Every structure is written in C-alpha cells, then in structure tokens.
$ cat my_file_38.cif   # mmCIF, C-alpha atoms and all ligand atoms
data_final
#
loop_
_atom_site.label_atom_id
_atom_site.label_comp_id
_atom_site.auth_asym_id
_atom_site.auth_seq_id
_atom_site.Cartn_x
_atom_site.Cartn_y
_atom_site.Cartn_z
CA MET R 1 -2.69 -27.83 39.54
CA LYS R 2 -4.17 -29.91 42.31
CA ARG R 3 -5.40 -28.05 45.37
CA ARG R 4 -2.72 -29.67 47.57
CA ASP R 5 0.09 -28.63 45.15
CA PHE R 6 -1.37 -25.16 44.82
CA LEU R 7 -1.39 -24.69 48.58
CA LYS R 8 2.21 -25.93 48.75
CA ALA R 9 3.31 -23.51 46.01
CA SER R 10 1.44 -20.62 47.65
CA ALA R 11 3.06 -21.38 50.98
CA ALA R 12 6.49 -21.42 49.32
CA VAL R 13 5.89 -18.00 47.72
CA ALA R 14 4.63 -16.65 51.04
CA ALA R 15 7.74 -17.99 52.82
CA THR R 16 10.05 -16.46 50.19
CA ALA R 17 8.14 -13.21 50.53
CA THR R 18 8.75 -13.15 54.25
CA LEU R 19 12.44 -13.98 53.83
CA THR R 20 13.21 -11.49 51.06
CA GLY R 21 10.89 -8.71 52.13
CA CYS R 22 9.37 -8.73 48.61
CA THR R 23 5.63 -8.85 47.97
CA ARG R 24 4.06 -11.90 46.33
CA GLU R 25 3.46 -9.83 43.14
CA GLN R 26 7.11 -8.80 42.99
CA ILE R 27 8.31 -12.40 43.29
CA GLU R 28 5.88 -13.66 40.66
CA GLY R 29 6.79 -10.72 38.41
CA LYS R 30 10.48 -11.54 38.71
CA LYS R 31 9.75 -15.16 37.86
CA SER R 32 8.00 -14.23 34.59
CA LEU R 33 10.82 -11.80 33.75
CA ASN R 34 13.31 -14.61 34.23
CA ILE R 35 11.32 -16.80 31.87
CA ASN R 36 11.50 -13.99 29.25
CA ARG R 37 15.21 -13.61 29.68
CA ARG R 38 15.72 -17.32 29.03
CA ARG R 39 13.82 -17.15 25.73
CA LYS R 40 16.27 -15.09 23.73
CA ALA R 41 15.67 -14.37 20.08
CA LYS R 42 17.72 -12.69 17.37
CA LEU R 43 16.29 -11.36 14.13
CA LYS R 44 18.03 -10.14 11.00
CA ILE R 45 16.15 -7.31 9.27
CA ALA R 46 17.32 -5.94 5.91
CA THR R 47 16.17 -2.57 4.56
CA SER R 48 15.83 -0.97 1.15
CA TRP R 49 17.64 2.17 2.38
CA PRO R 50 21.29 3.07 2.83
CA ALA R 51 22.67 3.09 6.42
CA HIS R 52 21.30 5.96 8.55
CA PHE R 53 19.13 7.18 5.64
CA PRO R 54 17.25 10.19 7.08
CA ILE R 55 13.95 9.40 8.81
CA MET R 56 13.35 5.97 7.20
CA GLY R 57 16.76 4.47 7.99
CA THR R 58 17.20 6.20 11.33
CA GLY R 59 13.60 5.26 12.21
CA ILE R 60 14.15 1.52 11.82
CA GLU R 61 17.47 1.76 13.69
CA ARG R 62 15.65 3.41 16.60
CA PHE R 63 13.01 0.66 16.43
CA ALA R 64 15.72 -2.00 16.98
CA LYS R 65 17.03 -0.02 19.95
CA LYS R 66 13.54 0.27 21.43
CA VAL R 67 12.94 -3.45 21.09
CA HIS R 68 16.22 -4.14 22.86
CA GLU R 69 15.25 -1.85 25.74
CA MET R 70 11.68 -3.10 26.03
CA SER R 71 12.70 -6.75 26.04
CA GLY R 72 15.54 -6.27 28.52
CA GLY R 73 17.90 -7.45 25.79
CA SER R 74 16.11 -10.75 25.19
CA LEU R 75 15.03 -9.75 21.68
CA GLU R 76 17.85 -8.54 19.50
CA ILE R 77 17.13 -7.07 16.11
CA LYS R 78 20.03 -6.38 13.81
CA ILE R 79 19.38 -3.94 10.98
CA TYR R 80 21.20 -4.46 7.69
CA PRO R 81 21.12 -1.45 5.31
CA LYS R 82 20.56 -2.13 1.61
CA ASN R 83 23.05 -4.30 -0.27
CA ILE R 84 24.79 -5.56 2.88
CA LEU R 85 22.98 -8.91 3.15
CA VAL R 86 20.73 -8.62 0.10
CA PRO R 87 20.11 -6.00 -2.62
CA ALA R 88 17.55 -3.27 -1.79
CA LEU R 89 14.74 -4.84 -3.78
CA ALA R 90 15.54 -8.49 -2.98
CA VAL R 91 14.44 -8.14 0.66
CA PHE R 92 10.90 -9.44 -0.02
CA ASP R 93 12.10 -12.74 -1.54
CA ALA R 94 14.92 -13.14 0.97
CA THR R 95 12.42 -12.85 3.85
CA SER R 96 9.86 -15.06 2.14
CA SER R 97 12.44 -17.84 1.74
CA GLY R 98 13.76 -17.43 5.29
CA GLN R 99 17.24 -16.28 4.24
CA ILE R 100 16.61 -13.26 6.51
CA ASP R 101 13.95 -12.77 9.19
CA GLY R 102 12.35 -9.56 7.97
CA PHE R 103 12.61 -6.32 6.01
CA HIS R 104 11.83 -2.61 6.16
CA SER R 105 10.69 -1.25 2.81
CA GLY R 106 7.57 -0.12 0.91
CA PRO R 107 4.71 -2.38 -0.31
CA TYR R 108 4.47 -0.74 -3.76
CA TYR R 109 7.85 -2.12 -4.73
CA TRP R 110 6.23 -5.58 -4.94
CA LYS R 111 3.39 -4.76 -7.34
CA GLY R 112 5.07 -7.02 -9.94
CA LYS R 113 4.31 -9.99 -7.65
CA ASN R 114 0.71 -8.93 -7.10
CA PRO R 115 -0.77 -5.62 -8.32
CA ALA R 116 -2.80 -5.43 -5.08
CA PHE R 117 0.41 -4.93 -3.08
CA ALA R 118 0.78 -1.40 -4.48
CA LEU R 119 -2.44 -0.44 -2.67
CA PHE R 120 -1.01 -1.17 0.78
CA SER R 121 1.16 1.92 0.24
CA GLY R 122 -1.98 3.97 -0.43
CA ALA R 123 -3.54 5.12 -3.71
CA PRO R 124 -3.36 8.37 -5.72
CA LEU R 125 -5.95 10.98 -4.73
CA LYS R 126 -7.36 8.73 -1.99
CA MET R 127 -6.74 8.31 1.76
CA VAL R 128 -4.07 10.25 3.70
CA ALA R 129 -1.81 8.75 6.39
CA ASP R 130 -4.25 8.82 9.31
CA GLU R 131 -7.14 7.58 7.20
CA LEU R 132 -5.02 4.71 5.91
CA CYS R 133 -4.07 3.76 9.48
CA CYS R 134 -7.79 3.73 10.36
CA TRP R 135 -8.52 1.47 7.38
CA MET R 136 -5.70 -0.86 8.45
CA ASN R 137 -6.73 -1.09 12.10
CA HIS R 138 -10.50 -0.55 12.05
CA GLY R 139 -11.40 -1.48 8.48
CA SER R 140 -10.15 -4.63 6.74
CA GLY R 141 -6.73 -3.26 5.72
CA TYR R 142 -4.53 -5.37 7.99
CA GLU R 143 -6.69 -8.44 7.47
CA LEU R 144 -6.35 -8.26 3.67
CA TRP R 145 -2.66 -7.37 3.77
CA ARG R 146 -1.87 -10.32 6.04
CA GLU R 147 -4.05 -12.67 4.02
CA LEU R 148 -2.26 -11.81 0.76
CA TYR R 149 1.25 -11.74 2.26
CA ALA R 150 0.65 -15.13 3.97
CA ARG R 151 0.87 -16.68 0.48
CA TYR R 152 4.52 -15.61 0.56
CA ASN R 153 5.05 -16.75 4.15
CA LEU R 154 5.17 -13.09 5.26
CA TYR R 155 3.60 -11.17 8.16
CA PRO R 156 3.50 -7.37 7.71
CA PHE R 157 3.23 -4.41 10.09
CA ILE R 158 2.97 -0.73 9.19
CA GLY R 159 6.53 0.54 9.56
CA GLY R 160 6.17 4.30 9.12
CA ASN R 161 4.45 6.80 6.88
CA THR R 162 5.90 9.60 4.75
CA GLY R 163 2.79 11.77 4.99
CA VAL R 164 1.64 13.62 1.84
CA GLN R 165 4.33 13.44 -0.82
CA MET R 166 4.96 16.40 -3.13
CA GLY R 167 3.87 16.23 -6.76
CA GLY R 168 7.40 16.69 -8.03
CA TRP R 169 10.00 18.98 -9.60
CA PHE R 170 9.47 20.29 -13.12
CA ARG R 171 11.94 22.12 -15.33
CA LYS R 172 9.14 24.18 -16.88
CA PRO R 173 5.73 25.29 -15.59
CA ILE R 174 2.80 22.92 -16.15
CA ASP R 175 -0.31 24.98 -16.77
CA SER R 176 -2.47 22.70 -18.86
CA LEU R 177 -2.90 19.06 -19.84
CA GLU R 178 -1.13 19.96 -23.07
CA ASP R 179 2.06 20.75 -21.10
CA LEU R 180 2.13 17.17 -19.78
CA LYS R 181 2.06 15.49 -23.20
CA GLY R 182 5.29 13.65 -23.93
CA LEU R 183 6.92 14.78 -20.70
CA LYS R 184 9.51 12.34 -19.36
CA MET R 185 9.03 12.03 -15.61
CA ARG R 186 10.50 9.78 -12.97
CA ILE R 187 7.40 8.57 -11.15
CA PRO R 188 6.79 5.01 -9.95
CA GLY R 189 3.68 3.09 -8.85
CA LEU R 190 0.03 3.87 -9.50
CA GLY R 191 0.88 7.58 -9.78
CA GLY R 192 3.02 6.71 -12.81
CA GLU R 193 0.15 4.78 -14.37
CA VAL R 194 -2.20 7.71 -13.88
CA MET R 195 0.38 10.09 -15.38
CA ALA R 196 0.76 7.75 -18.38
CA LYS R 197 -2.98 8.19 -19.09
CA LEU R 198 -2.37 11.97 -19.15
CA GLY R 199 0.29 11.56 -21.83
CA VAL R 200 3.36 11.54 -19.57
CA ASN R 201 6.10 9.02 -20.20
CA PRO R 202 6.76 7.62 -16.69
CA ILE R 203 10.32 6.48 -16.10
CA LEU R 204 11.82 4.40 -13.31
CA LEU R 205 15.27 5.44 -12.14
CA PRO R 206 17.29 4.42 -9.09
CA ALA R 207 17.74 7.20 -6.52
CA GLY R 208 21.39 7.77 -7.38
CA GLU R 209 20.66 8.55 -11.05
CA ILE R 210 17.74 10.98 -10.75
CA TYR R 211 19.64 14.21 -10.17
CA THR R 212 21.98 13.80 -13.15
CA ALA R 213 19.09 12.78 -15.42
CA LEU R 214 17.16 15.90 -14.42
CA GLU R 215 20.22 18.12 -14.75
CA ARG R 216 21.02 16.82 -18.24
CA GLY R 217 17.42 16.94 -19.38
CA THR R 218 17.21 13.16 -19.89
CA ILE R 219 14.06 13.57 -17.81
CA ASP R 220 11.89 16.71 -17.60
CA ALA R 221 10.53 16.11 -14.12
CA THR R 222 10.78 13.90 -11.07
CA GLU R 223 8.90 13.21 -7.91
CA TRP R 224 10.74 11.93 -4.85
CA VAL R 225 9.20 12.29 -1.37
CA GLY R 226 8.69 15.70 0.23
CA PRO R 227 10.74 18.83 1.03
CA ALA R 228 12.81 17.12 3.79
CA LEU R 229 14.27 14.46 1.52
CA ASP R 230 13.98 16.33 -1.79
CA ILE R 231 16.15 19.21 -0.57
CA ARG R 232 18.92 16.74 0.21
CA MET R 233 18.76 15.48 -3.40
CA GLY R 234 19.41 19.02 -4.66
CA PHE R 235 16.61 18.98 -7.27
CA TYR R 236 15.97 22.69 -6.64
CA LYS R 237 19.28 23.47 -8.39
CA VAL R 238 18.06 22.08 -11.71
CA ALA R 239 14.25 22.39 -11.63
CA LYS R 240 12.54 25.53 -10.45
CA TYR R 241 8.87 24.51 -10.21
CA TYR R 242 7.83 22.40 -7.24
CA TYR R 243 4.26 21.05 -7.38
CA THR R 244 1.99 20.06 -4.50
CA GLY R 245 1.05 16.43 -4.07
CA TRP R 246 -1.73 14.13 -5.23
CA HIS R 247 -0.15 10.81 -6.26
CA GLU R 248 1.12 9.57 -2.86
CA PRO R 249 -1.27 10.96 -0.22
CA GLY R 250 0.44 9.16 2.68
CA SER R 251 2.72 6.31 1.70
CA ILE R 252 2.81 3.44 4.16
CA LEU R 253 6.18 1.83 4.81
CA GLU R 254 6.31 -1.75 5.97
CA LEU R 255 8.10 -3.82 8.57
CA THR R 256 7.50 -7.35 7.41
CA PHE R 257 8.60 -10.62 8.99
CA ASN R 258 9.01 -14.17 7.80
CA LYS R 259 5.67 -15.54 9.05
CA ALA R 260 6.93 -18.89 10.34
CA ARG R 261 9.79 -17.16 12.16
CA TYR R 262 7.44 -14.53 13.63
CA GLU R 263 5.01 -17.18 14.86
CA LYS R 264 7.77 -18.93 16.79
CA LEU R 265 8.45 -15.80 18.87
CA SER R 266 7.12 -15.65 22.44
CA GLU R 267 3.89 -13.73 23.03
CA GLU R 268 5.90 -11.07 24.89
CA HIS R 269 8.24 -10.57 21.95
CA LYS R 270 5.32 -10.37 19.54
CA ALA R 271 3.71 -7.68 21.72
CA ILE R 272 6.99 -5.74 21.87
CA ILE R 273 7.26 -5.81 18.08
CA LYS R 274 3.67 -4.64 17.71
CA TYR R 275 3.99 -1.67 20.05
CA ALA R 276 7.52 -0.71 19.01
CA SER R 277 6.42 -0.68 15.35
CA GLU R 278 3.41 1.50 16.23
CA ALA R 279 5.74 3.90 18.04
CA MET R 280 8.08 3.91 15.03
CA THR R 281 5.20 4.70 12.68
CA THR R 282 4.03 7.68 14.74
CA GLU R 283 7.55 8.99 15.29
CA MET R 284 8.48 8.69 11.64
CA TYR R 285 5.29 10.41 10.49
CA HIS R 286 5.86 13.31 12.88
CA GLU R 287 9.53 13.56 11.99
CA PHE R 288 8.57 13.81 8.30
CA MET R 289 6.09 16.61 9.11
CA HIS R 290 8.60 18.54 11.16
CA GLU R 291 11.50 18.14 8.74
CA ASN R 292 9.24 18.95 5.78
CA ALA R 293 8.19 22.20 7.43
CA LEU R 294 11.80 23.24 8.03
CA ALA R 295 12.86 22.32 4.49
CA LEU R 296 9.86 24.10 2.96
CA ARG R 297 10.84 27.33 4.71
CA LYS R 298 14.36 26.95 3.36
CA LEU R 299 13.21 26.23 -0.21
CA GLU R 300 10.88 29.23 -0.17
CA SER R 301 13.69 31.46 1.06
CA MET R 302 15.72 30.27 -1.94
CA GLY R 303 13.00 31.47 -4.29
CA ILE R 304 11.62 28.06 -5.27
CA GLU R 305 8.12 28.40 -6.64
CA ILE R 306 5.53 26.13 -5.01
CA ARG R 307 2.62 25.54 -7.40
CA ASP R 308 -0.64 23.63 -7.50
CA PHE R 309 -1.64 21.62 -10.54
CA SER R 310 -4.62 23.25 -12.24
CA PRO R 311 -8.17 21.96 -11.50
CA GLU R 312 -8.22 20.73 -15.12
CA ILE R 313 -5.19 18.51 -14.49
CA ILE R 314 -6.49 17.24 -11.14
CA GLU R 315 -9.91 16.38 -12.62
CA ALA R 316 -8.21 14.51 -15.47
CA ALA R 317 -6.01 12.67 -12.93
CA LYS R 318 -9.14 11.62 -10.99
CA ARG R 319 -10.71 10.24 -14.16
CA ALA R 320 -7.46 8.47 -15.06
CA MET R 321 -7.23 6.95 -11.56
CA LYS R 322 -10.72 5.56 -11.97
CA GLU R 323 -9.70 4.00 -15.30
CA VAL R 324 -6.48 2.55 -13.85
CA ALA R 325 -8.37 1.04 -10.89
CA GLY R 326 -11.01 -0.39 -13.22
CA GLU R 327 -8.45 -1.97 -15.54
CA GLN R 328 -6.40 -3.43 -12.68
CA SER R 329 -9.56 -4.77 -11.00
CA GLU R 330 -10.48 -6.60 -14.20
CA LYS R 331 -7.04 -8.16 -14.42
CA SER R 332 -6.64 -9.05 -10.74
CA GLU R 333 -9.23 -10.31 -8.27
CA ASP R 334 -6.91 -9.41 -5.38
CA PHE R 335 -6.57 -5.83 -6.61
CA LYS R 336 -10.35 -5.57 -6.87
CA LYS R 337 -10.86 -6.95 -3.37
CA VAL R 338 -8.33 -4.57 -1.77
CA PHE R 339 -9.34 -1.55 -3.84
CA ASP R 340 -13.06 -2.06 -3.11
CA SER R 341 -12.32 -2.33 0.61
CA MET R 342 -10.25 0.88 0.50
CA GLN R 343 -12.84 2.69 -1.54
CA SER R 344 -15.67 1.75 0.80
CA TYR R 345 -13.61 2.82 3.84
CA TYR R 346 -12.71 6.05 2.03
CA THR R 347 -16.38 6.91 1.49
CA LEU R 348 -16.95 6.32 5.23
CA ILE R 349 -14.01 8.36 6.53
CA LYS R 350 -13.89 11.22 3.99
CA PRO R 351 -17.04 13.09 5.19
CA TRP R 352 -15.62 13.15 8.72
CA THR R 353 -12.19 14.37 7.55
CA GLN R 354 -13.95 17.04 5.48
CA ILE R 355 -15.96 18.51 8.34
CA SER R 356 -13.14 18.14 10.87
CA GLU R 357 -9.56 18.70 9.66
CA THR R 358 -10.15 19.96 6.13
CA ARG R 359 -12.75 22.49 7.31
CA LEU R 360 -10.66 23.68 10.22
CA CYS R 361 -7.52 23.92 8.09
CA SER R 362 -9.37 26.16 5.64
CA ILE R 363 -10.53 28.67 8.29
CA ARG R 364 -7.89 28.76 11.04
CA CA R 401 7.56 9.11 -4.08
#

$ encode --input "my_file_38.cif" --output "structure tokens" --more "lines below"
Ligand code: CA
Amino acid sequence: MKRRDFLKASAAVAATATLTGCTREQIEGKKSLNINRRRKAKLKIATSWPAHFPIMGTGIERFAKKVHEMSGGSLEIKIYPKNILVPALAVFDATSSGQIDGFHSGPYYWKGKNPAFALFSGAPLKMVADELCCWMNHGSGYELWRELYARYNLYPFIGGNTGVQMGGWFRKPIDSLEDLKGLKMRIPGLGGEVMAKLGVNPILLPAGEIYTALERGTIDATEWVGPALDIRMGFYKVAKYYYTGWHEPGSILELTFNKARYEKLSEEHKAIIKYASEAMTTEMYHEFMHENALALRKLESMGIEIRDFSPEIIEAAKRAMKEVAGEQSEKSEDFKKVFDSMQSYYTLIKPWTQISETRLCSIR
C-alpha cells in the first residue's frame, strides 16, 4: 500500500471510529470477522461407528458442534455414522478419492494398505496415550504419519484416545503359556500377531457378532476396549475372567481429511480444526478414564475377577513383539522407519514416566 493510500485508509477508519463510537481495533476486528463469514465451508465426515456410539461417536459429534460455534457458523461439519454414506471400513478410500471430505476412525484398520499404519494407533507393550501424543507432537510422529498418508491424498489429526485397553475376557483362567495354546480369541492388529506367536488363534469378528460367538464357545476369549464399552457388550455374562491390558496401551483414533480439500480451507478454518480436534482428543481420553472407573466398580460389585497375565506370559509377549516388529521391518521400509522412530522416542520418554507417574502410582 502506498503511503498516500495508507493515510487515506487510516483516516477513513478513524472517521468511522468517531462516528460509531467503536475503537479502531473493534472496527478492524469486525472487518476480518466479516471476511471469515463470507468464506463458508461445508465438510462431510463419515465415521466407523454407529450414530451416538458412546464416547467415540458422541465425541466426534461434539467436535462438529464446537467447530460450528468457534467459526460462527462459517465452517459446517456434518457427521455421517457408519454405513450411511459409506461402509464403516470404506471411509479411508472414500476420503482418499474425494467422495467424502474426511473420516473418524482408527489407523490400525488400514494396515492392509501399509503395515506402518497400524503403528499410528500405538504398539503392544509400548507407549501409553500421553507418551504417544508427545511422540506425535514433539517427536517425528505427526511428520511421518502425514508423509505416509499424503500418498493417499490424506491429512490426519489425532482424533481421540481410548487410554489403556483391557487384555480381554476369557472363559477360563489363563495361568501359563500352555493355557494359551490353541485358544480362539477375537483380537485384531499387532496384538493379534503377538498372540499368534504365543499359540493363540487370533480371529477377526465384527462388533455385532462377538457376544454370540463367545456365548456359544465359537471363540474362547475376546478383547474389546475397556470396562466402559465392554460392560455395554455384556461379555461379563459369558466370560468370568477379565485380564488387564498390554496389547493396546493407548489407542489413537484419527480424524483424517482429504488433503486437497483440507488445503483449500482458510487459515482460520484450519486453526479451528486443529484446536477443536485437540480438545476432542483430551475430552475423549478423560471421558474414557471416567467411564472406565465407573464401569470397573460395577463389574467388581458383580463379582467379575480382574486378573493380571503372569510374568511368564508378559515376558513371552515382549519377545514375540520384538519378533513381529523385526519381521514387519524386514518386509516394509515404512514400518521400519515408523517403528524405529517410535522405539527411539520410547527409550527417551520411558525413564521419565518411570520416575514420575509409575513411581508415584506405586507409592501413593
Ligand atoms: Ca481393542
């Protein structure tokens, strides 16, 4: 802007300020708000959950509401529960192709496309929710995730975290490695691969079929999430032994956008998405903790036995995890790159977690 024009514009703002009784800042603020209002955007987000699914579904619905409020209505996000626009597990491809603008789901569902994607959910016996968030934001987590997803024209954000997941429901007690041999268990992801090395036969079943399979003995065990969601599935009615977790130490959920579509958004809308998704992640994580605590109390009052896997089983699982990671790293350069980054961040953060939270939790 030339000096003459600048002076003219300044004089005009000053005159308006005098006439309206507003300060210069208020007038300029209103101007930029008006610009935002003119740039309206609408996004269609599909999820892998049914409508109003506790914590995950309600969390993403609240996110859309927040975005609406924060943007003064200029950014509208419509949430489509699973199977309304696209099937639950077709959301990745539908967003990649631009059929929809984004999805809310979990990265480990896409390990068939690239084994490294499973790691963005976390890895068995490794980092917990907060540590994973640190790796994403302060290590190279986000950088790697966005680099690999860019190949699919996708741009991911963390979209929640379940916290530590429970080890699962078993129809009979598991005391030794021998008890695991030949066991049929519903367990997906890297946890399933580790279990396979311990002689378990890991089975994939859609949510709606797990209870009946467990009741009829088609499967001997199942993991799901944690007390809050497991109690709603009714597993306690057909399996008495509930084991503490190791295979999903803090599963990251994702809110992922079509990259080209995301890049076309205004800087204000991008910032709103960033901060609203961070708020969603924290809220969801805390809601899981709170609801898990309530459900645990209820399960214990019903006489459900909470058990730890024996040190022998945990040590064998650690060895198996090492083997699984080694084999996957040989097969996939991407897996190796992401796993090595996680592992090096884990060795940095673990000593601090040990002398801070772990220590305090053991003495308080
Ligand atoms: Ca699970």

$ residues_near_ligand --input "my_file_38.cif" --ligand "ligand CA 401 (chain R)" --cutoff "6 Å" --atoms "only C-alpha atoms and all ligand atoms" --output "list of chain:residue names"
R:Glu223, R:Trp224, R:Val225

$ closest_atom_pairs --input "my_file_38.cif" --of "range 111-155 of chain R" --to "range 75-93 of chain R" --cutoff "10 Å" --atoms "only C-alpha atoms" --output "Markdown table"
| residue | atom | partner | partner_atom | distance |
| --- | --- | --- | --- | --- |
| R:Tyr152 | CA | R:Asp93 | CA | 8.4 |
| R:Asn153 | CA | R:Asp93 | CA | 9.9 |
| R:Leu154 | CA | R:Phe92 | CA | 8.6 |

$ closest_atom_pairs --input "my_file_38.cif" --of "range 277-357 of chain R" --to "range 185-208 of chain R" --cutoff "7 Å" --atoms "all atoms listed in the file" --output "Markdown table"
| residue | atom | partner | partner_atom | distance |
| --- | --- | --- | --- | --- |
| R:Ala317 | CA | R:Val194 | CA | 6.3 |
| R:Ala320 | CA | R:Val194 | CA | 5.4 |
| R:Met321 | CA | R:Val194 | CA | 5.6 |
| R:Val324 | CA | R:Val194 | CA | 6.7 |

$ residues_around --input "my_file_38.cif" --residues "Lys240 in chain R" --least-positions-apart "6" --cutoff "12 Å" --atoms "only C-alpha atoms" --output "PyMOL selection string"
chain R and resi 168-174+214-215+220-222+234+299-300+302-307

$ residues_near_point --input "my_file_38.cif" --point "(11.8, 13.5, 9.1)" --cutoff "12 Å" --atoms "all atoms listed in the file" --output "PyMOL selection string"
chain R and resi 53-59+160-163+225-230+232+280-295

$ closest_residue --input "my_file_38.cif" --among "R:Leu183, R:Leu132, R:Glu330, R:Lys274" --to "Gly217 in chain R" --atoms "all atoms listed in the file"
R:Leu183

$ closest_residue --input "my_file_38.cif" --among "R:Thr212, R:Asn258, R:Gln354, R:Ser176" --to "Ile100 in chain R" --atoms "only C-alpha atoms"
R:Asn258

$ residues_around --input "my_file_38.cif" --residues "range 262-265 of chain R" --least-positions-apart "5" --cutoff "10 Å" --atoms "all atoms listed in the file" --output "PyMOL selection string"
chain R and resi 39-43+75+101-102+154-155+256-257+270-271+273

$ atom_distance --input "my_file_38.cif" --atom1 "CA of Cys133 in chain R" --atom2 "CA of Gln343 in chain R"
14.1 Å

$ closest_residue --input "my_file_38.cif" --among "R:Val128, R:Ala316, R:Glu267, R:Tyr142" --to "Thr358 in chain R" --atoms "all atoms listed in the file"
R:Val128

$ closest_residue --input "my_file_38.cif" --among "R:Gly182, R:Gly122, R:Gly326, R:Gly159" --to "Glu248 in chain R" --atoms "all atoms listed in the file"
R:Gly122

$ atom_distance --input "my_file_38.cif" --atom1 "CA of Glu323 in chain R" --atom2 "CA of Ile210 in chain R"
28.7 Å

$ closest_residue --input "my_file_38.cif" --among "R:Ala123, R:Arg359, R:Ser96, R:Glu209" --to "Lys322 in chain R" --atoms "only C-alpha atoms"
R:Ala123

$ atom_distance --input "my_file_38.cif" --atom1 "CA of Ala260 in chain R" --atom2 "CA of Ala118 in chain R"
23.7 Å

$ axis_aligned_box --input "my_file_38.cif" --around "range 65-77 of chain R" --padding-each-side "3 Å" --output "JSON"
{"center_x": 14.8, "center_y": -5.2, "center_z": 22.3, "size_x": 12.2, "size_y": 17.0, "size_z": 18.4}
